[in-house]
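J.: I'd like to ask some things about the structure below.
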Amino acid sequence: MAVSAGASRMFPSYLNSISLNKTTEKLNKMLSPCTVCPFKCGTNRYKEKNGRCRSGLLPEISSYNIHRGEEPPISGTRGSGTIFLTGCSLRCSFCQNYPISQLRNGNEVSVKELSDCMISLQERGAHNINFVSPTHFVPQLVEALMLAVIKGLKIPIVYNSGGYDNVEVLKCLDGIVDIYLPDMKYSDDARALEYSNAPGYVEINRAAVKEMYRQVGELKTDREGVAVRGLIIRHLVLPGNISNTEKVLESIARISTSIHVSLMSQYFPAHRAVSMNNLKRKLNRDEYLEASNILADLGLVNGWTQPF
Ligand code: SF4
């Protein structure tokens, strides 16, 4: 798809129409053999849906709506314009969105329809477009975004992922994504494999977060406190310290203690976790308190803890 030079969104000047077209070309090539996410299944997404994410060429969405439950600078006063992408390459046993991510409840849409969803969310007052689980659909999202920009999309783009992202793909998003909102789920590969079936998660996740930070830096907000650019890292504290929170937070502090961290207490057993011995209970208050203390001890003063 060609991008007109008259796009109204303020991309950095170096991202002119030629470089945007080159970016979409490069990303589209990654669809066959597919190397869009770290699994690098090698499937031909133009013809098949037999990769790990079971996604093909057309984007699939489960919903698009105004969401007010994100971190305060993402939800702001008018809400975040979430677009939930169907499917996921991760297989988290405790996924709270499993009907979307693993049962794949959703519908195929055209790139044009996806761009219309973005415009509709902007018209409804959303502060941003928040792609939830975008990793396996980055090429399609960038194409849709280019079209939305031509139609007048101006609000910031949020990339809200499980943090299991291919750095080569992320590099293509430099200057396109304004706010990164990745998870850092684990600091132990064996646990990442056991509970999310994500081989090599730790190294892949840390490299992805470093690239995100390189692109957008620390969180910046406007006068109303609404995010305009930057990185927010989410960490869900799991029962029995399965997530090894201390090591995760230490790895964040090594990048910068100014990074905004959202330390989440909202774990409840969902999906396969309901029958797994160490995941079938809620987090307890002491476990969350301990995680909060680690956060403070490491000097990670920016961000949010959740009421228990
Ligand atoms: S995006 Fe899907 S098809 Fe492509 S490598 Fe990842 S899991 Fe495989």
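Naming works like this for the structure tokens: A, B, ... for the chains as they're shown, residue 1 at the start of each chain, ligands 1 onward in shown order.
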Taking only C-alpha atoms and all ligand atoms into account, which residues are within 6 Å of ligand 1, as an MDAnalysis selection string?
T.: chainID A and resid 34:37 39:41 43 51:53 89 136
J.: Those same residues - all heavy atoms - I'd like them written as a compact mmCIF listing (two decimals), in the first residue's frame.
T.:
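Below you can see selection-v3.txt, which holds the result:
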# COMPACT_ATOMS: atom_id res chain seq x y z
N CYS A 34 7.22 -17.04 7.96
CA CYS A 34 6.90 -16.12 9.06
C CYS A 34 7.97 -16.10 10.15
O CYS A 34 8.30 -17.12 10.74
CB CYS A 34 5.53 -16.43 9.67
SG CYS A 34 5.03 -15.09 10.78
N THR A 35 8.47 -14.87 10.37
CA THR A 35 9.44 -14.65 11.46
C THR A 35 8.97 -13.45 12.29
O THR A 35 9.78 -12.76 12.89
CB THR A 35 10.84 -14.36 10.89
OG1 THR A 35 10.73 -13.28 9.95
CG2 THR A 35 11.44 -15.57 10.19
N VAL A 36 7.66 -13.23 12.27
CA VAL A 36 7.13 -12.02 12.92
C VAL A 36 7.32 -12.05 14.43
O VAL A 36 7.60 -11.04 15.06
CB VAL A 36 5.65 -11.80 12.52
CG1 VAL A 36 5.02 -10.68 13.34
CG2 VAL A 36 5.56 -11.47 11.04
N CYS A 37 7.18 -13.23 15.03
CA CYS A 37 7.39 -13.30 16.48
C CYS A 37 8.58 -14.22 16.76
O CYS A 37 9.08 -14.89 15.86
CB CYS A 37 6.12 -13.76 17.19
SG CYS A 37 5.97 -15.55 17.35
N PHE A 39 8.95 -17.08 17.79
CA PHE A 39 8.86 -18.50 17.44
C PHE A 39 9.42 -18.80 16.06
O PHE A 39 9.92 -19.89 15.80
CB PHE A 39 7.40 -19.00 17.54
CG PHE A 39 7.02 -19.33 18.94
CD1 PHE A 39 6.30 -18.45 19.70
CD2 PHE A 39 7.44 -20.52 19.51
CE1 PHE A 39 5.97 -18.73 21.01
CE2 PHE A 39 7.12 -20.82 20.82
CZ PHE A 39 6.38 -19.92 21.57
N LYS A 40 9.32 -17.81 15.16
CA LYS A 40 9.85 -17.96 13.80
C LYS A 40 9.44 -19.31 13.19
O LYS A 40 10.28 -20.09 12.74
CB LYS A 40 11.37 -17.77 13.80
CG LYS A 40 11.77 -16.39 14.32
CD LYS A 40 13.23 -16.09 14.18
CE LYS A 40 13.51 -14.67 14.67
NZ LYS A 40 14.87 -14.31 14.82
N CYS A 41 8.12 -19.57 13.19
CA CYS A 41 7.59 -20.85 12.69
C CYS A 41 7.94 -21.11 11.24
O CYS A 41 7.98 -22.25 10.81
CB CYS A 41 6.07 -20.86 12.72
SG CYS A 41 5.34 -20.62 14.28
N THR A 43 6.00 -20.46 8.72
CA THR A 43 4.80 -20.76 7.93
C THR A 43 4.58 -19.65 6.88
O THR A 43 5.11 -18.56 7.01
CB THR A 43 3.58 -20.88 8.87
OG1 THR A 43 2.51 -21.44 8.15
CG2 THR A 43 3.15 -19.56 9.44
N GLY A 51 0.73 -21.77 11.77
CA GLY A 51 1.81 -21.41 12.71
C GLY A 51 1.31 -21.52 14.14
O GLY A 51 0.15 -21.82 14.40
N ARG A 52 2.20 -21.28 15.03
CA ARG A 52 1.87 -21.35 16.45
C ARG A 52 0.68 -20.44 16.83
O ARG A 52 -0.16 -20.80 17.63
CB ARG A 52 3.14 -20.94 17.20
CG ARG A 52 2.93 -20.52 18.60
CD ARG A 52 3.13 -21.67 19.51
NE ARG A 52 3.27 -21.16 20.85
CZ ARG A 52 3.75 -21.84 21.85
NH1 ARG A 52 4.20 -23.05 21.67
NH2 ARG A 52 3.82 -21.33 23.04
N CYS A 53 0.62 -19.25 16.20
CA CYS A 53 -0.45 -18.30 16.55
C CYS A 53 -1.74 -18.59 15.78
O CYS A 53 -2.76 -17.97 16.05
CB CYS A 53 0.00 -16.87 16.29
SG CYS A 53 0.33 -16.55 14.55
N SER A 89 0.90 -15.88 20.43
CA SER A 89 1.87 -16.97 20.27
C SER A 89 2.26 -17.55 21.63
O SER A 89 2.80 -18.65 21.69
CB SER A 89 3.09 -16.51 19.47
OG SER A 89 3.58 -15.32 19.98
N HIS A 136 1.82 -10.80 16.86
CA HIS A 136 1.73 -11.64 15.67
C HIS A 136 1.07 -10.94 14.49
O HIS A 136 0.98 -11.51 13.40
CB HIS A 136 0.99 -12.95 16.00
CG HIS A 136 -0.33 -12.74 16.68
ND1 HIS A 136 -0.47 -12.05 17.87
CD2 HIS A 136 -1.58 -13.12 16.34
CE1 HIS A 136 -1.74 -12.02 18.23
NE2 HIS A 136 -2.43 -12.67 17.31
J.: Would you mind listing, for every residue of stretch 40-136 of chain A within 7 Å of stretch 183-204 of chain A, the two atoms forming the shortest contact and the distance between them in Å to one decimal, using only C-alpha atoms, sorted by chain and ascending residue number, as a tab-separated table?
T.:
residue	atom	partner	partner_atom	distance
A:Leu90	CA	A:Ser196	CA	5.9
A:Arg91	CA	A:Ser196	CA	4.7
A:Cys92	CA	A:Ser196	CA	3.8
A:Ser93	CA	A:Tyr195	CA	5.5
J.: Could you write out the selected residues, including N, CA and C atoms, as a PDB file, in the first residue's frame?
T.:
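File produced: again.pdb:
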ATOM      1  N   LEU A  90       1.979 -16.830  22.699  1.00  0.00           N
ATOM      2  CA  LEU A  90       2.239 -17.386  24.040  1.00  0.00           C
ATOM      3  C   LEU A  90       1.090 -18.326  24.426  1.00  0.00           C
ATOM      4  N   ARG A  91       1.349 -19.171  25.396  1.00  0.00           N
ATOM      5  CA  ARG A  91       0.318 -20.104  25.875  1.00  0.00           C
ATOM      6  C   ARG A  91       0.268 -20.067  27.400  1.00  0.00           C
ATOM      7  N   CYS A  92       0.031 -18.887  27.948  1.00  0.00           N
ATOM      8  CA  CYS A  92       0.059 -18.752  29.409  1.00  0.00           C
ATOM      9  C   CYS A  92      -1.082 -19.570  30.016  1.00  0.00           C
ATOM     10  N   SER A  93      -0.714 -20.434  30.959  1.00  0.00           N
ATOM     11  CA  SER A  93      -1.734 -21.306  31.568  1.00  0.00           C
ATOM     12  C   SER A  93      -2.764 -20.508  32.353  1.00  0.00           C
TER      13      SER A  93
END
J.: Report as a list in words all protein, DNA and RNA residues lying within 8 Å of A:Arg281, evaluated on only C-alpha atoms, omitting residues in the same chain fewer than 3 positions from it.
T.: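 My list of contacting residues is Pro239, Phe268, Pro269, Val274 and Asn278 of chain A.
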J.: For those residues, write N, CA, C and O atoms to a file as a tab-separated table (two decimals), in the first residue's frame.
T.:
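This is the output file again.tsv:
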chain	number	residue	atom	x	y	z
A	239	PRO	N	1.37	-16.31	42.40
A	239	PRO	CA	1.47	-16.98	43.71
A	239	PRO	C	2.70	-17.87	43.79
A	239	PRO	O	3.17	-18.39	42.78
A	268	PHE	N	-5.74	-14.10	39.41
A	268	PHE	CA	-6.69	-15.09	39.91
A	268	PHE	C	-6.58	-16.30	38.99
A	268	PHE	O	-6.19	-16.16	37.83
A	269	PRO	N	-6.86	-17.49	39.48
A	269	PRO	CA	-6.71	-18.66	38.61
A	269	PRO	C	-7.74	-18.64	37.48
A	269	PRO	O	-8.93	-18.53	37.74
A	274	VAL	N	-6.65	-23.20	36.89
A	274	VAL	CA	-7.60	-23.64	37.93
A	274	VAL	C	-7.31	-25.06	38.40
A	274	VAL	O	-7.68	-25.44	39.51
A	278	ASN	N	0.18	-25.24	41.87
A	278	ASN	CA	0.74	-23.99	42.40
A	278	ASN	C	0.12	-22.73	41.81
A	278	ASN	O	0.55	-21.62	42.14
J.: Restricting the calculation to only C-alpha atoms: of A:Pro33, A:Gly106, A:Pro73, A:Gly81, which residue gets closest to A:Pro59?
T.: A:Gly106
J.: Please report the interatomic distance between atom CA of A:Glu290 and atom CA of A:His260 in Å with one decimal.
T.: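 Atom-to-atom, atom CA of A:Glu290 and atom CA of A:His260 are spaced 18.6 Å apart.
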J.: Quick one: residues within 9 Å of stretch 207-210 of chain A, only C-alpha atoms, excluding same-chain residues fewer than 2 positions away - as number ranges by chain?
T.: A: 163-167, 170, 180, 182-184, 202-205, 212-215, 231, 233, 252, 255
J.: Run DSSP on the backbone of this structure and report the residues of stretch 180-209 of chain A it assigns to helix (DSSP H, G or I), as a list in words.
T.: Asp189, Ala190, Arg191, Ala192, Leu193, Glu194, Tyr195, Ser196, Tyr201, Val202, Glu203, Ile204, Asn205, Arg206, Ala207, Ala208 and Val209 of chain A
J.: Can I get the selection written as an mmCIF file, in the first residue's frame, with N, CA and C atoms?
T.:
data_model
loop_
_atom_site.group_PDB
_atom_site.id
_atom_site.type_symbol
_atom_site.label_atom_id
_atom_site.label_comp_id
_atom_site.auth_asym_id
_atom_site.auth_seq_id
_atom_site.Cartn_x
_atom_site.Cartn_y
_atom_site.Cartn_z
ATOM 1 N N ASP A 189 13.799 -19.113 32.635
ATOM 2 C CA ASP A 189 13.314 -19.727 31.388
ATOM 3 C C ASP A 189 12.513 -21.002 31.626
ATOM 4 N N ALA A 190 12.915 -21.778 32.629
ATOM 5 C CA ALA A 190 12.207 -23.042 32.868
ATOM 6 C C ALA A 190 10.755 -22.754 33.237
ATOM 7 N N ARG A 191 10.553 -21.706 34.019
ATOM 8 C CA ARG A 191 9.176 -21.362 34.401
ATOM 9 C C ARG A 191 8.402 -20.769 33.224
ATOM 10 N N ALA A 192 9.089 -19.980 32.421
ATOM 11 C CA ALA A 192 8.439 -19.408 31.234
ATOM 12 C C ALA A 192 7.988 -20.531 30.298
ATOM 13 N N LEU A 193 8.797 -21.570 30.229
ATOM 14 C CA LEU A 193 8.453 -22.705 29.373
ATOM 15 C C LEU A 193 7.289 -23.486 29.973
ATOM 16 N N GLU A 194 7.374 -23.706 31.269
ATOM 17 C CA GLU A 194 6.344 -24.508 31.927
ATOM 18 C C GLU A 194 4.977 -23.806 31.943
ATOM 19 N N TYR A 195 4.983 -22.513 32.255
ATOM 20 C CA TYR A 195 3.693 -21.841 32.462
ATOM 21 C C TYR A 195 3.199 -21.037 31.257
ATOM 22 N N SER A 196 4.114 -20.698 30.311
ATOM 23 C CA SER A 196 3.665 -19.941 29.133
ATOM 24 C C SER A 196 4.110 -20.561 27.822
ATOM 25 N N TYR A 201 12.353 -17.185 26.939
ATOM 26 C CA TYR A 201 11.599 -15.955 27.244
ATOM 27 C C TYR A 201 12.483 -14.854 27.841
ATOM 28 N N VAL A 202 13.347 -15.217 28.771
ATOM 29 C CA VAL A 202 14.041 -14.180 29.551
ATOM 30 C C VAL A 202 14.917 -13.312 28.646
ATOM 31 N N GLU A 203 15.746 -13.964 27.854
ATOM 32 C CA GLU A 203 16.652 -13.186 26.990
ATOM 33 C C GLU A 203 15.855 -12.402 25.946
ATOM 34 N N ILE A 204 14.867 -13.052 25.346
ATOM 35 C CA ILE A 204 14.046 -12.390 24.310
ATOM 36 C C ILE A 204 13.312 -11.196 24.916
ATOM 37 N N ASN A 205 12.735 -11.398 26.085
ATOM 38 C CA ASN A 205 11.959 -10.347 26.749
ATOM 39 C C ASN A 205 12.853 -9.159 27.132
ATOM 40 N N ARG A 206 14.017 -9.459 27.669
ATOM 41 C CA ARG A 206 14.905 -8.356 28.096
ATOM 42 C C ARG A 206 15.419 -7.578 26.894
ATOM 43 N N ALA A 207 15.741 -8.292 25.811
ATOM 44 C CA ALA A 207 16.216 -7.597 24.603
ATOM 45 C C ALA A 207 15.086 -6.730 24.030
ATOM 46 N N ALA A 208 13.863 -7.241 24.059
ATOM 47 C CA ALA A 208 12.725 -6.483 23.525
ATOM 48 C C ALA A 208 12.500 -5.211 24.348
ATOM 49 N N VAL A 209 12.537 -5.355 25.664
ATOM 50 C CA VAL A 209 12.288 -4.193 26.529
ATOM 51 C C VAL A 209 13.401 -3.148 26.349
#
J.: Have a look at A:Ala148, A:Val111, A:Cys88, A:Leu20 and name the one nearest to A:Ser161; count only C-alpha atoms.
T.: A:Cys88
J.: Give me the residues near A:Phe137 as a list in words, where near means some atom within 8 Å (using only C-alpha atoms) and where sequence neighbours in that chain fewer than 2 positions away do not count.
T.: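 In the requested form, the answer reads Val36, Pro59, Leu85, Pro134, Thr135, Pro139, Gln140 and Leu141 of chain A.
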J.: Would you save the residues of that selection, restricted to N, CA, C and O atoms, as a PDB file, in the first residue's frame?
T.:
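Listed below is the output, part_1.pdb:
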ATOM      1  N   VAL A  36       7.658 -13.225  12.270  1.00  0.00           N
ATOM      2  CA  VAL A  36       7.135 -12.016  12.920  1.00  0.00           C
ATOM      3  C   VAL A  36       7.322 -12.053  14.433  1.00  0.00           C
ATOM      4  O   VAL A  36       7.605 -11.035  15.057  1.00  0.00           O
ATOM      5  N   PRO A  59      -5.838  -9.390   9.442  1.00  0.00           N
ATOM      6  CA  PRO A  59      -5.865  -9.178  10.899  1.00  0.00           C
ATOM      7  C   PRO A  59      -7.166  -9.728  11.483  1.00  0.00           C
ATOM      8  O   PRO A  59      -8.190  -9.758  10.803  1.00  0.00           O
ATOM      9  N   LEU A  85      -6.397  -7.869  19.634  1.00  0.00           N
ATOM     10  CA  LEU A  85      -6.108  -8.762  18.517  1.00  0.00           C
ATOM     11  C   LEU A  85      -6.377 -10.196  18.946  1.00  0.00           C
ATOM     12  O   LEU A  85      -6.074 -10.576  20.088  1.00  0.00           O
ATOM     13  N   PRO A 134      -0.432  -7.388  20.129  1.00  0.00           N
ATOM     14  CA  PRO A 134      -0.224  -7.057  18.713  1.00  0.00           C
ATOM     15  C   PRO A 134       0.869  -7.881  18.028  1.00  0.00           C
ATOM     16  O   PRO A 134       0.980  -7.853  16.797  1.00  0.00           O
ATOM     17  N   THR A 135       1.679  -8.631  18.812  1.00  0.00           N
ATOM     18  CA  THR A 135       2.944  -9.175  18.312  1.00  0.00           C
ATOM     19  C   THR A 135       2.816  -9.911  16.978  1.00  0.00           C
ATOM     20  O   THR A 135       3.608  -9.686  16.070  1.00  0.00           O
ATOM     21  N   PRO A 139       2.768  -6.582  10.972  1.00  0.00           N
ATOM     22  CA  PRO A 139       2.740  -6.069   9.588  1.00  0.00           C
ATOM     23  C   PRO A 139       1.366  -5.509   9.213  1.00  0.00           C
ATOM     24  O   PRO A 139       1.268  -4.443   8.601  1.00  0.00           O
ATOM     25  N   GLN A 140       0.320  -6.228   9.604  1.00  0.00           N
ATOM     26  CA  GLN A 140      -1.040  -5.795   9.260  1.00  0.00           C
ATOM     27  C   GLN A 140      -1.399  -4.506  10.009  1.00  0.00           C
ATOM     28  O   GLN A 140      -2.077  -3.627   9.469  1.00  0.00           O
ATOM     29  N   LEU A 141      -0.944  -4.401  11.256  1.00  0.00           N
ATOM     30  CA  LEU A 141      -1.267  -3.212  12.047  1.00  0.00           C
ATOM     31  C   LEU A 141      -0.612  -1.970  11.459  1.00  0.00           C
ATOM     32  O   LEU A 141      -1.216  -0.895  11.420  1.00  0.00           O
TER      33      LEU A 141
END
